[in-house]
$ cat query.pdb   # PDB, C-alpha atoms and all ligand atoms
MODEL        1
ATOM      1  CA  MET V1140      16.893   4.751 -20.599
ATOM      2  CA  SER V1141      16.971   6.789 -17.430
ATOM      3  CA  THR V1142      16.883  10.515 -17.732
ATOM      4  CA  ILE V1143      17.435  11.114 -14.017
ATOM      5  CA  ARG V1144      19.479  14.267 -13.552
ATOM      6  CA  HIS V1145      20.682  13.536 -10.043
ATOM      7  CA  THR V1146      22.286  16.907  -9.571
ATOM      8  CA  ASP V1147      19.123  18.988  -9.579
ATOM      9  CA  ALA V1148      16.559  16.319  -8.635
ATOM     10  CA  VAL V1149      14.805  16.022  -5.300
ATOM     11  CA  HIS V1150      14.744  12.324  -4.384
ATOM     12  CA  VAL V1151      11.919  11.103  -2.144
ATOM     13  CA  ARG V1152      11.283   7.517  -1.046
ATOM     14  CA  ALA V1153       7.888   6.260   0.118
ATOM     15  CA  PRO V1154       6.927   2.779   1.339
ATOM     16  CA  GLY V1155       4.324   0.245   0.321
ATOM     17  CA  LYS V1156       1.903  -0.960   2.988
ATOM     18  CA  ILE V1157       0.257  -4.054   4.356
ATOM     19  CA  ASN V1158      -3.193  -3.967   5.923
ATOM     20  CA  VAL V1159      -2.633  -5.936   9.124
ATOM     21  CA  TYR V1160      -6.389  -5.596   9.666
ATOM     22  CA  LEU V1161      -9.031  -4.567   7.146
ATOM     23  CA  GLY V1162     -12.651  -4.441   8.299
ATOM     24  CA  VAL V1163     -14.997  -3.315   5.519
ATOM     25  CA  GLY V1164     -18.415  -1.823   6.305
ATOM     26  CA  PRO V1165     -21.298  -1.191   3.946
ATOM     27  CA  ARG V1166     -20.915   0.806   0.756
ATOM     28  CA  HIS V1167     -21.817   4.503   1.056
ATOM     29  CA  ASP V1168     -23.619   6.525  -1.614
ATOM     30  CA  ASP V1169     -20.326   8.125  -2.712
ATOM     31  CA  GLY V1170     -19.091   4.639  -3.653
ATOM     32  CA  TYR V1171     -16.654   4.322  -0.752
ATOM     33  CA  HIS V1172     -16.912   1.740   2.013
ATOM     34  CA  ALA V1173     -16.497   2.587   5.676
ATOM     35  CA  LEU V1174     -13.271   0.989   6.844
ATOM     36  CA  ALA V1175     -11.580   0.084  10.079
ATOM     37  CA  THR V1176      -8.047  -0.757   9.120
ATOM     38  CA  VAL V1177      -4.524  -0.985  10.477
ATOM     39  CA  PHE V1178      -1.770  -0.122   8.057
ATOM     40  CA  GLN V1179       1.864  -0.998   8.446
ATOM     41  CA  ALA V1180       4.463   0.538   6.138
ATOM     42  CA  VAL V1181       7.028  -2.038   5.012
ATOM     43  CA  SER V1182      10.508  -1.947   3.519
ATOM     44  CA  LEU V1183       9.446  -2.131  -0.120
ATOM     45  CA  TYR V1184       9.799   1.285  -1.685
ATOM     46  CA  GLU V1185       8.905   3.665  -4.462
ATOM     47  CA  ASP V1186      11.587   6.211  -5.386
ATOM     48  CA  VAL V1187      10.520   9.468  -6.984
ATOM     49  CA  TYR V1188      13.021  11.908  -8.527
ATOM     50  CA  ALA V1189      11.519  15.327  -9.206
ATOM     51  CA  THR V1190      13.386  17.719 -11.505
ATOM     52  CA  PRO V1191      12.353  21.307 -12.353
ATOM     53  CA  ALA V1192      10.821  21.521 -15.838
ATOM     54  CA  ASP V1193       8.610  23.800 -17.917
ATOM     55  CA  GLY V1194       5.656  21.427 -18.168
ATOM     56  CA  PHE V1195       4.611  18.214 -16.413
ATOM     57  CA  SER V1196       6.123  14.917 -17.567
ATOM     58  CA  LEU V1197       6.655  11.427 -16.236
ATOM     59  CA  GLU V1198       8.679   8.303 -16.761
ATOM     60  CA  VAL V1199       8.293   5.026 -14.887
ATOM     61  CA  ALA V1200      10.658   2.085 -14.472
ATOM     62  CA  GLY V1201      11.467  -0.329 -11.673
ATOM     63  CA  SER V1202      12.081  -3.816 -10.380
ATOM     64  CA  VAL V1203       8.410  -4.771 -10.900
ATOM     65  CA  ASP V1204       6.370  -4.986 -14.111
ATOM     66  CA  VAL V1205       5.392  -1.387 -14.897
ATOM     67  CA  SER V1206       3.653  -2.030 -18.230
ATOM     68  CA  ASP V1207       0.198  -1.317 -16.726
ATOM     69  CA  VAL V1208       1.135   2.011 -15.172
ATOM     70  CA  PRO V1209      -0.590   4.892 -16.966
ATOM     71  CA  LEU V1210       1.700   7.721 -18.079
ATOM     72  CA  ASP V1211      -1.035  10.294 -18.618
ATOM     73  CA  ASP V1212      -3.262  12.190 -16.203
ATOM     74  CA  ARG V1213      -4.618   8.938 -14.782
ATOM     75  CA  ASN V1214      -1.254   8.553 -13.055
ATOM     76  CA  LEU V1215      -1.653   9.408  -9.391
ATOM     77  CA  ALA V1216       1.820  10.965  -9.140
ATOM     78  CA  LEU V1217       1.186  13.325 -12.039
ATOM     79  CA  ARG V1218      -2.171  14.244 -10.512
ATOM     80  CA  ALA V1219      -0.443  14.903  -7.184
ATOM     81  CA  ALA V1220       2.081  17.283  -8.791
ATOM     82  CA  LYS V1221      -0.611  19.193 -10.674
ATOM     83  CA  LEU V1222      -2.916  19.399  -7.660
ATOM     84  CA  LEU V1223      -0.086  20.774  -5.515
ATOM     85  CA  ALA V1224       0.896  23.346  -8.144
ATOM     86  CA  ARG V1225      -2.724  24.455  -8.567
ATOM     87  CA  THR V1226      -3.396  24.686  -4.833
ATOM     88  CA  ALA V1227      -0.200  26.554  -4.008
ATOM     89  CA  GLY V1228      -0.381  28.837  -7.069
ATOM     90  CA  ILE V1229       2.897  27.536  -8.512
ATOM     91  CA  ASP V1230       3.626  28.483 -12.075
ATOM     92  CA  GLU V1231       6.320  25.884 -12.686
ATOM     93  CA  GLY V1232       6.379  22.343 -13.961
ATOM     94  CA  VAL V1233       8.205  19.173 -12.957
ATOM     95  CA  HIS V1234       9.627  16.042 -14.528
ATOM     96  CA  LEU V1235       8.934  12.960 -12.415
ATOM     97  CA  ASP V1236      11.073   9.846 -12.668
ATOM     98  CA  ILE V1237       9.461   7.012 -10.716
ATOM     99  CA  ARG V1238      11.317   3.839  -9.778
ATOM    100  CA  LYS V1239       8.794   1.284  -8.597
ATOM    101  CA  GLY V1240       9.608  -1.464  -6.104
ATOM    102  CA  VAL V1241       6.005  -2.080  -5.036
ATOM    103  CA  PRO V1242       4.001  -4.438  -7.262
ATOM    104  CA  VAL V1243       1.484  -2.650  -9.518
ATOM    105  CA  ALA V1244      -2.169  -3.342  -8.597
ATOM    106  CA  GLY V1245      -0.833  -5.589  -5.847
ATOM    107  CA  GLY V1246      -2.873  -4.316  -2.899
ATOM    108  CA  MET V1247       0.166  -2.604  -1.388
ATOM    109  CA  GLY V1248      -0.633   1.000  -2.281
ATOM    110  CA  GLY V1249       2.207   1.587  -4.754
ATOM    111  CA  GLY V1250       0.384   4.324  -6.669
ATOM    112  CA  SER V1251      -0.528   5.989  -3.378
ATOM    113  CA  ALA V1252       3.132   5.890  -2.328
ATOM    114  CA  ASP V1253       4.068   7.562  -5.640
ATOM    115  CA  ALA V1254       1.527  10.312  -4.988
ATOM    116  CA  ALA V1255       2.758  10.864  -1.420
ATOM    117  CA  ALA V1256       6.406  10.950  -2.528
ATOM    118  CA  THR V1257       5.530  13.381  -5.323
ATOM    119  CA  LEU V1258       3.743  15.750  -2.922
ATOM    120  CA  VAL V1259       6.806  15.819  -0.657
ATOM    121  CA  ALA V1260       9.284  16.153  -3.546
ATOM    122  CA  CYS V1261       7.403  18.953  -5.316
ATOM    123  CA  ASP V1262       6.760  20.729  -2.033
ATOM    124  CA  ALA V1263      10.533  20.742  -1.443
ATOM    125  CA  LEU V1264      11.232  21.806  -5.031
ATOM    126  CA  TRP V1265       8.743  24.660  -5.042
ATOM    127  CA  GLY V1266       8.783  25.697  -1.363
ATOM    128  CA  THR V1267       4.985  25.873  -1.263
ATOM    129  CA  GLY V1268       4.818  26.467   2.497
ATOM    130  CA  LEU V1269       1.635  24.383   2.752
ATOM    131  CA  GLY V1270       3.053  22.496   5.731
ATOM    132  CA  PRO V1271       2.280  18.934   6.868
ATOM    133  CA  ARG V1272      -1.430  19.633   7.393
ATOM    134  CA  GLY V1273      -1.833  21.130   3.914
ATOM    135  CA  LEU V1274      -0.046  18.173   2.334
ATOM    136  CA  HIS V1275      -2.193  15.727   4.328
ATOM    137  CA  GLU V1276      -5.341  17.418   3.011
ATOM    138  CA  LEU V1277      -4.170  17.156  -0.586
ATOM    139  CA  ALA V1278      -3.141  13.544   0.011
ATOM    140  CA  ALA V1279      -6.659  12.644   1.195
ATOM    141  CA  ARG V1280      -8.128  14.271  -1.923
ATOM    142  CA  LEU V1281      -5.908  12.141  -4.147
ATOM    143  CA  GLY V1282      -6.868   8.795  -2.608
ATOM    144  CA  ALA V1283      -7.775   7.085   0.638
ATOM    145  CA  ASP V1284      -4.358   5.387   1.036
ATOM    146  CA  VAL V1285      -2.234   8.436   0.194
ATOM    147  CA  PRO V1286      -2.213  10.047   3.694
ATOM    148  CA  PHE V1287      -0.826   6.839   5.188
ATOM    149  CA  ALA V1288       2.004   6.733   2.641
ATOM    150  CA  LEU V1289       2.937  10.245   3.781
ATOM    151  CA  HIS V1290       3.035   9.263   7.447
ATOM    152  CA  GLY V1291       4.196   5.627   7.391
ATOM    153  CA  GLY V1292       4.828   3.613  10.547
ATOM    154  CA  THR V1293       1.786   1.783  11.874
ATOM    155  CA  ALA V1294      -1.586   3.527  11.992
ATOM    156  CA  VAL V1295      -5.280   2.921  12.442
ATOM    157  CA  GLY V1296      -7.334   4.222   9.512
ATOM    158  CA  THR V1297     -11.047   4.939   9.777
ATOM    159  CA  GLY V1298     -13.530   6.704   7.506
ATOM    160  CA  ARG V1299     -12.355   5.747   4.009
ATOM    161  CA  GLY V1300      -9.061   4.693   5.600
ATOM    162  CA  ASP V1301      -7.747   8.250   5.404
ATOM    163  CA  GLU V1302      -8.538   9.355   8.978
ATOM    164  CA  LEU V1303      -5.351   8.252  10.644
ATOM    165  CA  THR V1304      -4.369   7.689  14.254
ATOM    166  CA  PRO V1305      -0.802   6.537  14.842
ATOM    167  CA  ALA V1306      -0.597   3.140  16.555
ATOM    168  CA  LEU V1307       2.270   2.215  18.826
ATOM    169  CA  ALA V1308       4.261  -0.689  17.451
ATOM    170  CA  ARG V1309       7.372  -1.842  19.261
ATOM    171  CA  GLY V1310      10.286  -3.547  17.540
ATOM    172  CA  ARG V1311      10.038  -4.994  14.084
ATOM    173  CA  PHE V1312       7.734  -7.405  12.332
ATOM    174  CA  ASP V1313       9.085  -9.724   9.645
ATOM    175  CA  TRP V1314       6.922 -10.374   6.612
ATOM    176  CA  VAL V1315       7.335 -12.538   3.550
ATOM    177  CA  LEU V1316       5.444 -11.206   0.552
ATOM    178  CA  VAL V1317       4.372 -13.433  -2.311
ATOM    179  CA  LEU V1318       3.883 -11.388  -5.463
ATOM    180  CA  SER V1319       1.611 -12.266  -8.374
ATOM    181  CA  GLU V1320       2.299 -11.595 -12.024
ATOM    182  CA  GLN V1321      -1.280 -10.456 -12.602
ATOM    183  CA  GLY V1322      -2.704  -7.608 -10.497
ATOM    184  CA  LEU V1323      -6.249  -7.232  -9.142
ATOM    185  CA  SER V1324      -8.445  -4.169  -9.532
ATOM    186  CA  THR V1325      -9.320  -2.651  -6.149
ATOM    187  CA  PRO V1326     -12.818  -1.409  -7.205
ATOM    188  CA  GLU V1327     -13.627  -4.824  -8.676
ATOM    189  CA  ILE V1328     -12.673  -6.609  -5.456
ATOM    190  CA  TYR V1329     -14.864  -4.268  -3.385
ATOM    191  CA  ALA V1330     -17.736  -4.841  -5.833
ATOM    192  CA  ARG V1331     -17.209  -8.599  -5.529
ATOM    193  CA  LEU V1332     -17.425  -8.337  -1.728
ATOM    194  CA  ASP V1333     -20.699  -6.371  -2.018
ATOM    195  CA  GLU V1334     -22.061  -9.108  -4.278
ATOM    196  CA  LEU V1335     -21.023 -11.845  -1.866
ATOM    197  CA  ARG V1336     -22.695 -10.031   0.991
ATOM    198  CA  THR V1337     -25.890  -9.307  -0.929
ATOM    199  CA  HIS V1338     -26.213 -12.961  -1.778
ATOM    200  CA  GLY V1339     -25.473 -14.020   1.790
ATOM    201  CA  ASP V1340     -22.434 -16.003   0.791
ATOM    202  CA  ALA V1341     -21.115 -17.945   3.785
ATOM    203  CA  LEU V1342     -17.498 -17.293   2.850
ATOM    204  CA  ALA V1343     -18.015 -13.534   3.047
ATOM    205  CA  ASP V1344     -20.113 -13.755   6.219
ATOM    206  CA  ASP V1345     -17.462 -15.769   8.022
ATOM    207  CA  ALA V1346     -14.890 -13.110   7.327
ATOM    208  CA  THR V1347     -17.106 -10.170   8.175
ATOM    209  CA  SER V1348     -15.550  -8.272  11.034
ATOM    210  CA  LEU V1349     -16.880  -5.584  13.310
ATOM    211  CA  LEU V1350     -16.025  -2.119  12.068
ATOM    212  CA  GLU V1351     -13.642  -1.730  14.938
ATOM    213  CA  VAL V1352     -10.026  -2.726  15.311
ATOM    214  CA  PRO V1353      -9.769  -5.425  18.020
ATOM    215  CA  VAL V1354      -8.046  -4.293  21.216
ATOM    216  CA  ALA V1355      -6.023  -7.527  21.191
ATOM    217  CA  LEU V1356      -4.521  -6.544  17.835
ATOM    218  CA  LEU V1357      -3.450  -3.111  19.079
ATOM    219  CA  GLN V1358      -1.974  -4.740  22.189
ATOM    220  CA  ALA V1359       0.001  -7.239  20.119
ATOM    221  CA  LEU V1360       1.419  -4.386  18.015
ATOM    222  CA  ARG V1361       2.302  -2.422  21.139
ATOM    223  CA  ALA V1362       4.052  -5.442  22.607
ATOM    224  CA  GLY V1363       5.880  -6.154  19.334
ATOM    225  CA  ASP V1364       4.562  -9.707  19.642
ATOM    226  CA  ALA V1365       4.126 -11.408  16.266
ATOM    227  CA  ALA V1366       2.742 -14.616  17.811
ATOM    228  CA  GLU V1367      -0.044 -12.629  19.470
ATOM    229  CA  LEU V1368      -0.684 -10.559  16.373
ATOM    230  CA  ALA V1369      -1.089 -13.509  13.988
ATOM    231  CA  PRO V1370      -4.414 -14.943  15.265
ATOM    232  CA  VAL V1371      -6.192 -11.565  15.290
ATOM    233  CA  MET V1372      -5.214 -10.413  11.800
ATOM    234  CA  LEU V1373      -8.143 -10.246   9.363
ATOM    235  CA  ASN V1374      -8.987  -8.993   5.893
ATOM    236  CA  ASP V1375     -12.649  -8.756   4.854
ATOM    237  CA  LEU V1376     -11.565  -8.483   1.206
ATOM    238  CA  GLU V1377      -9.794 -11.827   1.292
ATOM    239  CA  ALA V1378     -12.851 -13.908   0.363
ATOM    240  CA  ALA V1379     -13.469 -11.707  -2.689
ATOM    241  CA  ALA V1380      -9.813 -11.781  -3.767
ATOM    242  CA  VAL V1381      -9.633 -15.576  -3.406
ATOM    243  CA  LEU V1382     -12.825 -15.975  -5.422
ATOM    244  CA  ASP V1383     -11.142 -14.093  -8.271
ATOM    245  CA  ARG V1384      -7.830 -15.850  -7.807
ATOM    246  CA  PRO V1385      -8.369 -19.354  -6.362
ATOM    247  CA  ASP V1386      -4.613 -20.072  -6.534
ATOM    248  CA  LEU V1387      -4.116 -17.683  -3.602
ATOM    249  CA  GLU V1388      -5.651 -20.231  -1.246
ATOM    250  CA  ALA V1389      -2.940 -22.803  -1.979
ATOM    251  CA  THR V1390      -0.241 -20.172  -1.490
ATOM    252  CA  LEU V1391      -1.736 -19.115   1.860
ATOM    253  CA  ALA V1392      -1.822 -22.731   3.062
ATOM    254  CA  HIS V1393       1.688 -23.449   1.782
ATOM    255  CA  GLY V1394       3.335 -20.545   3.621
ATOM    256  CA  VAL V1395       1.717 -21.494   6.920
ATOM    257  CA  ARG V1396       2.710 -25.150   6.482
ATOM    258  CA  ARG V1397       6.277 -23.971   5.932
ATOM    259  CA  GLY V1398       6.479 -22.042   9.174
ATOM    260  CA  ALA V1399       4.746 -18.651   8.809
ATOM    261  CA  LEU V1400       2.632 -17.656  11.820
ATOM    262  CA  THR V1401      -0.186 -16.692   9.484
ATOM    263  CA  GLY V1402      -0.812 -15.386   5.977
ATOM    264  CA  ILE V1403      -3.179 -12.704   4.774
ATOM    265  CA  VAL V1404      -4.116 -11.169   1.443
ATOM    266  CA  SER V1405      -2.732  -7.620   1.450
ATOM    267  CA  GLY V1406      -5.487  -5.033   0.919
ATOM    268  CA  SER V1407      -7.407  -5.964  -2.223
ATOM    269  CA  GLY V1408      -4.685  -8.444  -3.219
ATOM    270  CA  PRO V1409      -3.279 -10.364  -4.896
ATOM    271  CA  THR V1410      -0.060  -9.909  -2.868
ATOM    272  CA  ILE V1411       0.021 -12.227   0.134
ATOM    273  CA  ALA V1412       1.779 -11.210   3.347
ATOM    274  CA  PHE V1413       3.042 -13.925   5.678
ATOM    275  CA  LEU V1414       3.845 -12.869   9.221
ATOM    276  CA  CYS V1415       6.885 -14.696  10.598
ATOM    277  CA  ALA V1416       8.324 -15.100  14.098
ATOM    278  CA  GLY V1417      11.560 -13.253  13.219
ATOM    279  CA  PRO V1418      14.179 -12.717  10.495
ATOM    280  CA  GLU V1419      15.434 -16.332  10.587
ATOM    281  CA  ALA V1420      11.954 -17.797  10.269
ATOM    282  CA  ALA V1421      11.167 -15.350   7.468
ATOM    283  CA  ARG V1422      14.262 -16.375   5.506
ATOM    284  CA  THR V1423      13.214 -20.029   5.775
ATOM    285  CA  VAL V1424       9.635 -19.304   4.662
ATOM    286  CA  GLN V1425      10.950 -17.177   1.785
ATOM    287  CA  GLU V1426      13.243 -19.997   0.610
ATOM    288  CA  GLU V1427      10.482 -22.600   0.881
ATOM    289  CA  LEU V1428       8.131 -20.447  -1.179
ATOM    290  CA  ARG V1429      10.794 -19.668  -3.764
ATOM    291  CA  ALA V1430      11.481 -23.383  -4.086
ATOM    292  CA  THR V1431       7.923 -23.756  -5.415
ATOM    293  CA  GLY V1432       8.596 -21.165  -8.129
ATOM    294  CA  ARG V1433       6.782 -18.333  -6.367
ATOM    295  CA  GLU V1434       8.233 -14.825  -6.176
ATOM    296  CA  ALA V1435       8.793 -14.197  -2.466
ATOM    297  CA  LEU V1436      10.355 -11.151  -0.769
ATOM    298  CA  HIS V1437      11.397 -10.706   2.859
ATOM    299  CA  VAL V1438      10.495  -7.251   4.186
ATOM    300  CA  HIS V1439      10.027  -5.697   7.601
ATOM    301  CA  GLY V1440       7.891  -3.038   9.186
ATOM    302  CA  PRO V1441       7.137  -0.533  10.432
ATOM    303  CA  VAL V1442       9.243   1.904   8.374
ATOM    304  CA  PRO V1443       8.838   5.697   8.012
ATOM    305  CA  GLY V1444       6.582   7.367   5.432
ATOM    306  CA  ALA V1445       7.691   9.594   2.529
ATOM    307  CA  GLN V1446      11.195  10.927   3.190
ATOM    308  CA  ILE V1447      13.511  13.234   1.307
ATOM    309  CA  LEU V1448      16.748  11.366   0.645
ATOM    310  CA  SER V1449      18.510  14.071  -1.342
TER     311      SER V1449
HETATM  312  P1  LIG Y   1      -4.992   0.690  -4.433
HETATM  313  O1  LIG Y   1      -4.049   1.782  -3.980
HETATM  314  O2  LIG Y   1      -6.156   1.172  -5.248
HETATM  315  O3  LIG Y   1      -5.324  -0.297  -3.379
HETATM  316  P2  LIG Y   1      -3.045  -1.127  -5.455
HETATM  317  O4  LIG Y   1      -2.187  -0.859  -4.307
HETATM  318  O5  LIG Y   1      -3.604  -2.505  -5.592
HETATM  319  O6  LIG Y   1      -4.228  -0.098  -5.529
HETATM  320  P3  LIG Y   1      -1.542   0.439  -7.383
HETATM  321  O7  LIG Y   1      -0.283  -0.111  -7.925
HETATM  322  O8  LIG Y   1      -1.451   1.536  -6.404
HETATM  323  O9  LIG Y   1      -2.329  -0.806  -6.812
HETATM  324  O10 LIG Y   1      -2.428   0.941  -8.619
HETATM  325  C1  LIG Y   1      -3.671   0.502  -9.015
HETATM  326  C2  LIG Y   1      -3.991   1.040 -10.407
HETATM  327  O11 LIG Y   1      -3.880   2.461 -10.420
HETATM  328  C3  LIG Y   1      -3.034   0.551 -11.476
HETATM  329  O12 LIG Y   1      -3.516  -0.594 -12.102
HETATM  330  C4  LIG Y   1      -2.937   1.729 -12.446
HETATM  331  O13 LIG Y   1      -3.868   1.587 -13.500
HETATM  332  C5  LIG Y   1      -3.349   2.946 -11.651
HETATM  333  N1  LIG Y   1      -2.243   3.897 -11.328
HETATM  334  C6  LIG Y   1      -2.335   5.218 -11.321
HETATM  335  N2  LIG Y   1      -1.179   5.796 -10.941
HETATM  336  C7  LIG Y   1      -0.313   4.805 -10.689
HETATM  337  C8  LIG Y   1       1.052   4.770 -10.273
HETATM  338  N3  LIG Y   1       1.760   5.882 -10.022
HETATM  339  N4  LIG Y   1       1.612   3.569 -10.082
HETATM  340  C9  LIG Y   1       0.885   2.433 -10.322
HETATM  341  N5  LIG Y   1      -0.385   2.412 -10.751
HETATM  342  C10 LIG Y   1      -1.000   3.593 -10.930
ENDMDL
END

$ encode --input "query.pdb" --output "structure tokens"
Amino acid sequence: MSTIRHTDAVHVRAPGKINVYLGVGPRHDDGYHALATVFQAVSLYEDVYATPADGFSLEVAGSVDVSDVPLDDRNLALRAAKLLARTAGIDEGVHLDIRKGVPVAGGMGGGSADAAATLVACDALWGTGLGPRGLHELAARLGADVPFALHGGTAVGTGRGDELTPALARGRFDWVLVLSEQGLSTPEIYARLDELRTHGDALADDATSLLEVPVALLQALRAGDAAELAPVMLNDLEAAAVLDRPDLEATLAHGVRRGALTGIVSGSGPTIAFLCAGPEAARTVQEELRATGREALHVHGPVPGAQILS
């Protein structure tokens, strides 16, 4: 049962993301990989309602399966609230009610979106005065994808993916997402890629990109041209995700046969994102995929990052 108290809650919405490009470099000593990525925020959202409280508490519900979401201090939203309170010297608590629309462990940064939304909501609730730069710093400490969920739109991410440069993207891009019932663990998929590379696996080598976003991809985004964007999209993690989940290959092939310009595993997967020529084409691809029993959603991007709705 919902315990949302709409009257005194701050409501913030933050989007999930697709990696239009994900080039993965070697693993650093701190465990992170150097990345060259392009994020696009899409119209699949997390809603966070933050209500003043004495301590810190959390409830999670949503349109996706939330049974694997931790409710203790492993939860990124709870960690975000506590980190903000600690940093800003706030002596108050908060109750967080999270409504998830982004698949859990789906490669779309749902937990990161929760953390970003929580930072914005608690900042509004407590009036911390940290400002956008302060929030960005805390976001980067919480996770590599959290800064992008704050900013949204389309952006190039370097470093661990958290050093962001906004990218110009004209118009709108239509995507059809195919969700999986079973999530994939991001660290496990990175480890699988390392293994593939160490053993010189051809599949991984083929997909290995330069650690630089291709100029043609940035141009296609700037022009708002989906047909030009499709052939230059790439995800270095795809080979590792497909190795874990061979069924993804058939889904990728099916969507393209049914009219998508291209399909790509989103981040560490298993969500697949099909780029379509426009809304009409996307509706057709969505229907064709649904007809095979797959869960398919039509979304668009870019959309804004974490925003206060009330
Ligand atoms: P990543 O952001 O690591 O790429 P993802 O987008 O694939 O991950 P998320 O849904 O963000 O997937 O969460 C991955 C894992 O993080 C979950 O399996 C869960 O154990 C943990 N987690 C922590 N906080 C949250 C949260 N607020 N929502 C969902 N999962 C969370």

$ closest_atom_pairs --input "query.pdb" --of "chain V" --to "ligand LIG 1 (chain Y)" --cutoff "9 Å" --atoms "all atoms listed in the file" --output "Markdown table"
| residue | atom | partner | partner_atom | distance |
| --- | --- | --- | --- | --- |
| V:Gly1155 | CA | Y:LIG1 | O4 | 8.1 |
| V:Lys1156 | CA | Y:LIG1 | O4 | 8.4 |
| V:Val1199 | CA | Y:LIG1 | N3 | 8.2 |
| V:Val1205 | CA | Y:LIG1 | C9 | 7.5 |
| V:Asp1207 | CA | Y:LIG1 | O13 | 5.9 |
| V:Val1208 | CA | Y:LIG1 | N5 | 4.7 |
| V:Pro1209 | CA | Y:LIG1 | O13 | 5.8 |
| V:Leu1210 | CA | Y:LIG1 | N2 | 7.9 |
| V:Asp1211 | CA | Y:LIG1 | N2 | 8.9 |
| V:Asp1212 | CA | Y:LIG1 | N2 | 8.5 |
| V:Arg1213 | CA | Y:LIG1 | C6 | 5.6 |
| V:Asn1214 | CA | Y:LIG1 | N2 | 3.5 |
| V:Leu1215 | CA | Y:LIG1 | N2 | 4.0 |
| V:Ala1216 | CA | Y:LIG1 | N3 | 5.2 |
| V:Leu1217 | CA | Y:LIG1 | N3 | 7.7 |
| V:Arg1218 | CA | Y:LIG1 | N2 | 8.5 |
| V:Ile1237 | CA | Y:LIG1 | N3 | 7.8 |
| V:Lys1239 | CA | Y:LIG1 | N4 | 7.7 |
| V:Val1241 | CA | Y:LIG1 | O7 | 7.2 |
| V:Pro1242 | CA | Y:LIG1 | O7 | 6.1 |
| V:Val1243 | CA | Y:LIG1 | O7 | 3.5 |
| V:Ala1244 | CA | Y:LIG1 | O9 | 3.1 |
| V:Gly1245 | CA | Y:LIG1 | O5 | 4.2 |
| V:Gly1246 | CA | Y:LIG1 | O5 | 3.3 |
| V:Met1247 | CA | Y:LIG1 | O4 | 4.1 |
| V:Gly1248 | CA | Y:LIG1 | O4 | 3.2 |
| V:Gly1249 | CA | Y:LIG1 | O8 | 4.0 |
| V:Gly1250 | CA | Y:LIG1 | O8 | 3.3 |
| V:Ser1251 | CA | Y:LIG1 | O8 | 5.5 |
| V:Ala1252 | CA | Y:LIG1 | O8 | 7.5 |
| V:Asp1253 | CA | Y:LIG1 | N3 | 5.2 |
| V:Ala1254 | CA | Y:LIG1 | N3 | 6.7 |
| V:Gly1282 | CA | Y:LIG1 | O1 | 7.7 |
| V:Ala1283 | CA | Y:LIG1 | O1 | 8.0 |
| V:Asp1284 | CA | Y:LIG1 | O1 | 6.2 |
| V:Val1285 | CA | Y:LIG1 | O1 | 8.1 |
| V:Gly1322 | CA | Y:LIG1 | O5 | 7.1 |
| V:Leu1323 | CA | Y:LIG1 | O5 | 6.5 |
| V:Ser1324 | CA | Y:LIG1 | O5 | 6.5 |
| V:Thr1325 | CA | Y:LIG1 | O2 | 5.0 |
| V:Pro1326 | CA | Y:LIG1 | O2 | 7.4 |
| V:Ser1405 | CA | Y:LIG1 | O5 | 8.7 |
| V:Gly1406 | CA | Y:LIG1 | O3 | 6.4 |
| V:Ser1407 | CA | Y:LIG1 | O5 | 6.1 |
| V:Gly1408 | CA | Y:LIG1 | O5 | 6.5 |
| V:Pro1409 | CA | Y:LIG1 | O5 | 7.9 |
| V:Thr1410 | CA | Y:LIG1 | O5 | 8.6 |

$ closest_residue --input "query.pdb" --among "V:Gly1164, V:Gly1394, V:Pro1286, V:Gly1266" --to "Arg1422 (chain V)" --atoms "all atoms listed in the file"
V:Gly1394

$ residues_near_point --input "query.pdb" --point "(11.3, -14.7, 11.2)" --cutoff "10 Å" --atoms "all atoms listed in the file" --output "list in words"
Phe1312, Asp1313, Trp1314, Val1315, Ala1365, Gly1398, Ala1399, Leu1400, Phe1413, Leu1414, Cys1415, Ala1416, Gly1417, Pro1418, Glu1419, Ala1420, Ala1421, Arg1422, Thr1423, Val1424, Gln1425, His1437 and His1439 of chain V

$ atom_distance --input "query.pdb" --atom1 "CA of Ser1449 (chain V)" --atom2 "CA of Leu1277 (chain V)"
22.9 Å

$ resolve_selection --input "query.pdb" --expression "the PyMOL selection byres (((chain V and resi 1174) around 8) and not hetatm)" --output "ChimeraX atom specification"
/V:1161-1164,1172-1173,1175-1176,1296-1300,1350

$ closest_residue --input "query.pdb" --among "V:Ala1412, V:Ile1328, V:Ala1369, V:Ala1362" --to "Leu1382 (chain V)" --atoms "all atoms listed in the file"
V:Ile1328

$ resolve_selection --input "query.pdb" --expression "the PyMOL selection byres (((chain V and resi 1195) around 8) and not hetatm)" --output "ChimeraX atom specification"
/V:1192-1194,1196-1197,1217,1221,1232-1235
